[in-house]
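Chemist: PDB, C-alpha atoms and all ligand atoms, file start-v7.pdb:
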```
MODEL        1
ATOM      1  CA  MET U  67       5.706   6.046  14.011  1.00  0.00           C
ATOM      2  CA  THR U  68       2.638   6.910  16.017  1.00  0.00           C
ATOM      3  CA  ASP U  69       1.405   4.690  18.817  1.00  0.00           C
ATOM      4  CA  SER U  70      -2.077   4.261  17.412  1.00  0.00           C
ATOM      5  CA  CYS U  71      -1.266   3.717  13.743  1.00  0.00           C
ATOM      6  CA  VAL U  72      -2.191   0.209  12.632  1.00  0.00           C
ATOM      7  CA  PHE U  73       0.020   0.339   9.523  1.00  0.00           C
ATOM      8  CA  CYS U  74       3.044   1.291  11.661  1.00  0.00           C
ATOM      9  CA  LYS U  75       2.287  -1.710  13.868  1.00  0.00           C
ATOM     10  CA  ILE U  76       2.098  -3.988  10.831  1.00  0.00           C
ATOM     11  CA  ALA U  77       5.363  -2.571   9.446  1.00  0.00           C
ATOM     12  CA  ASN U  78       6.995  -3.165  12.845  1.00  0.00           C
ATOM     13  CA  ASN U  79       5.581  -6.698  13.004  1.00  0.00           C
ATOM     14  CA  GLU U  80       3.738  -5.805  16.212  1.00  0.00           C
ATOM     15  CA  ILE U  81       0.470  -7.251  14.976  1.00  0.00           C
ATOM     16  CA  ASN U  82      -0.124 -10.241  12.759  1.00  0.00           C
ATOM     17  CA  SER U  83      -0.827  -9.615   9.111  1.00  0.00           C
ATOM     18  CA  ASN U  84      -0.440 -11.458   5.851  1.00  0.00           C
ATOM     19  CA  ILE U  85       2.811  -9.852   4.710  1.00  0.00           C
ATOM     20  CA  VAL U  86       3.744 -10.640   1.120  1.00  0.00           C
ATOM     21  CA  TYR U  87       6.882  -8.487   0.966  1.00  0.00           C
ATOM     22  CA  GLN U  88       9.012  -6.504   3.394  1.00  0.00           C
ATOM     23  CA  ASP U  89      12.355  -4.731   3.259  1.00  0.00           C
ATOM     24  CA  GLU U  90      14.039  -1.891   5.144  1.00  0.00           C
ATOM     25  CA  GLN U  91      11.837   0.735   3.459  1.00  0.00           C
ATOM     26  CA  VAL U  92       8.406  -0.737   2.778  1.00  0.00           C
ATOM     27  CA  THR U  93       5.955  -3.424   3.880  1.00  0.00           C
ATOM     28  CA  ALA U  94       3.299  -5.051   1.687  1.00  0.00           C
ATOM     29  CA  PHE U  95       0.415  -7.062   3.094  1.00  0.00           C
ATOM     30  CA  ARG U  96      -2.980  -8.386   2.060  1.00  0.00           C
ATOM     31  CA  ASP U  97      -5.999  -6.309   3.063  1.00  0.00           C
ATOM     32  CA  ILE U  98      -8.133  -8.078   5.679  1.00  0.00           C
ATOM     33  CA  HIS U  99     -11.257  -6.961   3.781  1.00  0.00           C
ATOM     34  CA  PRO U 100     -10.302  -7.499   0.138  1.00  0.00           C
ATOM     35  CA  VAL U 101     -12.472  -5.918  -2.558  1.00  0.00           C
ATOM     36  CA  ALA U 102     -10.714  -7.796  -5.347  1.00  0.00           C
ATOM     37  CA  PRO U 103      -9.009 -11.198  -5.731  1.00  0.00           C
ATOM     38  CA  THR U 104      -5.672  -9.429  -5.352  1.00  0.00           C
ATOM     39  CA  HIS U 105      -5.799  -6.582  -2.823  1.00  0.00           C
ATOM     40  CA  VAL U 106      -2.406  -5.766  -1.380  1.00  0.00           C
ATOM     41  CA  LEU U 107      -1.432  -2.621   0.516  1.00  0.00           C
ATOM     42  CA  ILE U 108       2.117  -1.355   0.157  1.00  0.00           C
ATOM     43  CA  VAL U 109       3.129   1.160   2.814  1.00  0.00           C
ATOM     44  CA  PRO U 110       6.347   2.922   3.810  1.00  0.00           C
ATOM     45  CA  ASN U 111       7.793   1.602   7.062  1.00  0.00           C
ATOM     46  CA  LYS U 112       8.134   5.162   8.343  1.00  0.00           C
ATOM     47  CA  HIS U 113       4.955   6.996   9.227  1.00  0.00           C
ATOM     48  CA  ILE U 114       3.832   9.381   6.486  1.00  0.00           C
ATOM     49  CA  GLU U 115       0.231  10.472   6.900  1.00  0.00           C
ATOM     50  CA  SER U 116      -0.651  10.784   3.205  1.00  0.00           C
ATOM     51  CA  VAL U 117       0.480  12.195  -0.115  1.00  0.00           C
ATOM     52  CA  ASN U 118      -0.233  15.597   1.452  1.00  0.00           C
ATOM     53  CA  ARG U 119       2.725  15.060   3.798  1.00  0.00           C
ATOM     54  CA  LEU U 120       5.279  13.996   1.178  1.00  0.00           C
ATOM     55  CA  ASN U 121       8.290  16.157   0.544  1.00  0.00           C
ATOM     56  CA  SER U 122      11.230  16.016  -1.827  1.00  0.00           C
ATOM     57  CA  GLU U 123      13.278  13.712   0.416  1.00  0.00           C
ATOM     58  CA  ASP U 124      10.556  11.060   0.043  1.00  0.00           C
ATOM     59  CA  GLU U 125      10.836  10.833  -3.751  1.00  0.00           C
ATOM     60  CA  ALA U 126      13.079   7.755  -3.752  1.00  0.00           C
ATOM     61  CA  LEU U 127      10.786   6.056  -1.243  1.00  0.00           C
ATOM     62  CA  VAL U 128       7.701   6.726  -3.383  1.00  0.00           C
ATOM     63  CA  GLY U 129       9.519   5.310  -6.381  1.00  0.00           C
ATOM     64  CA  HIS U 130      10.384   2.233  -4.354  1.00  0.00           C
ATOM     65  CA  LEU U 131       6.706   1.751  -3.442  1.00  0.00           C
ATOM     66  CA  PHE U 132       5.917   1.517  -7.159  1.00  0.00           C
ATOM     67  CA  THR U 133       8.751  -0.841  -8.076  1.00  0.00           C
ATOM     68  CA  VAL U 134       7.744  -3.108  -5.173  1.00  0.00           C
ATOM     69  CA  ALA U 135       4.151  -2.951  -6.460  1.00  0.00           C
ATOM     70  CA  ARG U 136       5.389  -4.034  -9.883  1.00  0.00           C
ATOM     71  CA  GLN U 137       7.278  -6.992  -8.408  1.00  0.00           C
ATOM     72  CA  ILE U 138       4.255  -8.068  -6.360  1.00  0.00           C
ATOM     73  CA  ALA U 139       2.086  -7.883  -9.506  1.00  0.00           C
ATOM     74  CA  VAL U 140       4.570 -10.211 -11.216  1.00  0.00           C
ATOM     75  CA  ASN U 141       4.544 -12.561  -8.210  1.00  0.00           C
ATOM     76  CA  GLU U 142       0.726 -12.570  -8.141  1.00  0.00           C
ATOM     77  CA  GLY U 143       0.579 -13.372 -11.863  1.00  0.00           C
ATOM     78  CA  ILE U 144      -1.412 -10.226 -12.703  1.00  0.00           C
ATOM     79  CA  ALA U 145       1.274  -8.061 -14.267  1.00  0.00           C
ATOM     80  CA  GLU U 146       0.489  -8.760 -17.903  1.00  0.00           C
ATOM     81  CA  ASN U 147      -3.311  -8.654 -17.693  1.00  0.00           C
ATOM     82  CA  GLY U 148      -3.190  -5.495 -15.634  1.00  0.00           C
ATOM     83  CA  PHE U 149      -3.968  -4.039 -12.251  1.00  0.00           C
ATOM     84  CA  ARG U 150      -4.633  -0.751 -10.515  1.00  0.00           C
ATOM     85  CA  LEU U 151      -2.491   1.225  -8.097  1.00  0.00           C
ATOM     86  CA  ILE U 152      -4.521   3.582  -5.928  1.00  0.00           C
ATOM     87  CA  THR U 153      -3.401   6.066  -3.307  1.00  0.00           C
ATOM     88  CA  ASN U 154      -6.333   7.271  -1.249  1.00  0.00           C
ATOM     89  CA  THR U 155      -5.644  10.709   0.177  1.00  0.00           C
ATOM     90  CA  GLY U 156      -7.725  12.369   2.875  1.00  0.00           C
ATOM     91  CA  PRO U 157     -11.325  11.716   3.925  1.00  0.00           C
ATOM     92  CA  ASP U 158     -12.799  12.708   0.567  1.00  0.00           C
ATOM     93  CA  GLY U 159     -10.255  10.462  -1.133  1.00  0.00           C
ATOM     94  CA  GLY U 160     -11.476   7.432   0.783  1.00  0.00           C
ATOM     95  CA  GLN U 161      -8.482   7.246   3.118  1.00  0.00           C
ATOM     96  CA  THR U 162      -9.409   5.443   6.348  1.00  0.00           C
ATOM     97  CA  VAL U 163      -5.965   4.754   7.873  1.00  0.00           C
ATOM     98  CA  PHE U 164      -3.831   7.874   7.885  1.00  0.00           C
ATOM     99  CA  HIS U 165      -0.575   6.243   6.851  1.00  0.00           C
ATOM    100  CA  LEU U 166       0.274   6.569   3.162  1.00  0.00           C
ATOM    101  CA  PRO U 167      -1.002   3.465   1.368  1.00  0.00           C
ATOM    102  CA  VAL U 168      -0.539   2.262  -2.178  1.00  0.00           C
ATOM    103  CA  LEU U 169      -3.289  -0.224  -2.978  1.00  0.00           C
ATOM    104  CA  LEU U 170      -2.585  -2.898  -5.577  1.00  0.00           C
ATOM    105  CA  LEU U 171      -5.878  -4.200  -6.933  1.00  0.00           C
ATOM    106  CA  ALA U 172      -6.865  -6.777  -9.533  1.00  0.00           C
ATOM    107  CA  VAL U 173      -9.228  -8.002 -11.079  1.00  0.00           C
ATOM    108  CA  GLN U 174     -12.892  -7.522 -10.325  1.00  0.00           C
ATOM    109  CA  ILE U 175     -12.886  -3.837  -9.364  1.00  0.00           C
ATOM    110  CA  MET U 176     -11.625  -3.096 -12.862  1.00  0.00           C
ATOM    111  CA  THR U 177     -15.029  -3.978 -14.367  1.00  0.00           C
ATOM    112  CA  HIS U 178     -16.129  -0.414 -13.544  1.00  0.00           C
ATOM    113  CA  PRO U 179     -13.327   1.797 -14.835  1.00  0.00           C
ATOM    114  CA  LEU U 180     -13.149   5.275 -13.370  1.00  0.00           C
ATOM    115  CA  GLY U 181     -12.969   8.223 -15.727  1.00  0.00           C
TER     116      GLY U 181
HETATM  117 ZN    ZN N   1       1.825   4.886  10.585  1.00  0.00          ZN
ENDMDL
END
```
For this file, write the structure as structure tokens.

Modeler:
Amino acid sequence: MTDSCVFCKIANNEINSNIVYQDEQVTAFRDIHPVAPTHVLIVPNKHIESVNRLNSEDEALVGHLFTVARQIAVNEGIAENGFRLITNTGPDGGQTVFHLPVLLLAVQIMTHPLG
């Protein structure tokens, strides 16, 4: 971890957050500034700056981020109607905290589909 990384502090339970899921690999918590009725961030417990810093040994961890996202979608009751998973990467990708996030979003932001 890095001393100044807010997501590392959340994953280490050093600062209060609304955690919806946590295990030995990942932590999921509600964004403090939600842009949709469901806006959960799922992050690895170990500090990885972004997708740009992933390597082959992280493949199982990335897979786990997605299966945790799926379970949270089920728990939130949004799995069947649908949701978005977003991984902002770098400044031009909208990344503001440089610790790999997977955003789970539903429902309102989906009224303007991208692409
Ligand atoms: Zn971090």

Chemist: So which residues are near ligand ZN 1 (chain N), meaning at most 8 Å away with all atoms listed in the file counted, given back as a PyMOL selection string?

Modeler: chain U and resi 67-68+70-75+111-115+164-166

Chemist: Need the shell around U:Pro167: protein/DNA/RNA residues with any atom at most 10 Å away, counting only C-alpha atoms. Skip same-chain ones fewer than 5 positions apart. Format as a CSV table (one decimal) with C-alpha atoms, in the coordinates of the input?

Modeler:
```
chain,number,residue,atom,x,y,z
U,73,PHE,CA,0.0,0.3,9.5
U,94,ALA,CA,3.3,-5.1,1.7
U,106,VAL,CA,-2.4,-5.8,-1.4
U,107,LEU,CA,-1.4,-2.6,0.5
U,108,ILE,CA,2.1,-1.4,0.2
U,109,VAL,CA,3.1,1.2,2.8
U,110,PRO,CA,6.3,2.9,3.8
U,114,ILE,CA,3.8,9.4,6.5
U,115,GLU,CA,0.2,10.5,6.9
U,116,SER,CA,-0.7,10.8,3.2
U,117,VAL,CA,0.5,12.2,-0.1
U,131,LEU,CA,6.7,1.8,-3.4
U,151,LEU,CA,-2.5,1.2,-8.1
U,152,ILE,CA,-4.5,3.6,-5.9
U,153,THR,CA,-3.4,6.1,-3.3
U,154,ASN,CA,-6.3,7.3,-1.2
U,155,THR,CA,-5.6,10.7,0.2
U,161,GLN,CA,-8.5,7.2,3.1
U,162,THR,CA,-9.4,5.4,6.3
```

Chemist: Assuming the chain letters and numbering stay as they are in my file, what does the PyMOL selection byres (((chain U and resi 148) around 10) and not hetatm) actually select? List them as number ranges by chain.

Modeler: U: 139, 143-147, 149-150, 171-173, 176

Chemist: Which distance in Å separates atom CA of U:Glu123 and atom CA of U:Gln91, to one decimal?

Modeler: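 Going from atom CA of U:Glu123 over to atom CA of U:Gln91 covers 13.4 Å.
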
Chemist: What does the distance between atom CA of U:Val140 and atom CA of U:Ser122 come to in Å, to one decimal place?

Modeler: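 Going from atom CA of U:Val140 over to atom CA of U:Ser122 covers 28.6 Å.
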
Chemist: May I ask for the distance between atom CA of U:Arg136 and atom CA of U:Gln88, given in Å to one decimal place?

Modeler: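 Separation between atom CA of U:Arg136 and atom CA of U:Gln88: 14.0 Å.
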
Chemist: Return the padded bounding box of stretch 78-92 of chain U as JSON: axis-aligned, built from all atoms listed in the file, 5 Å added on each side, with centre and edge lengths in Å to one decimal.

Modeler:
```
{"center_x": 6.6, "center_y": -5.4, "center_z": 8.6, "size_x": 24.9, "size_y": 22.2, "size_z": 25.2}
```

Chemist: Name the closest residue to U:Val134 among the candidates U:Ile85, U:Leu120, U:Val92, U:Ala77; distances are taken between atoms, counting all atoms listed in the file.

Modeler: U:Val92

Chemist: List the residues matched by the PyMOL selection byres (((chain U and resi 102) around 8) and not hetatm) in the displayed structure as a PyMOL selection string, ordered by chain and then by residue number.

Modeler: chain U and resi 100-101+103-105+171-175
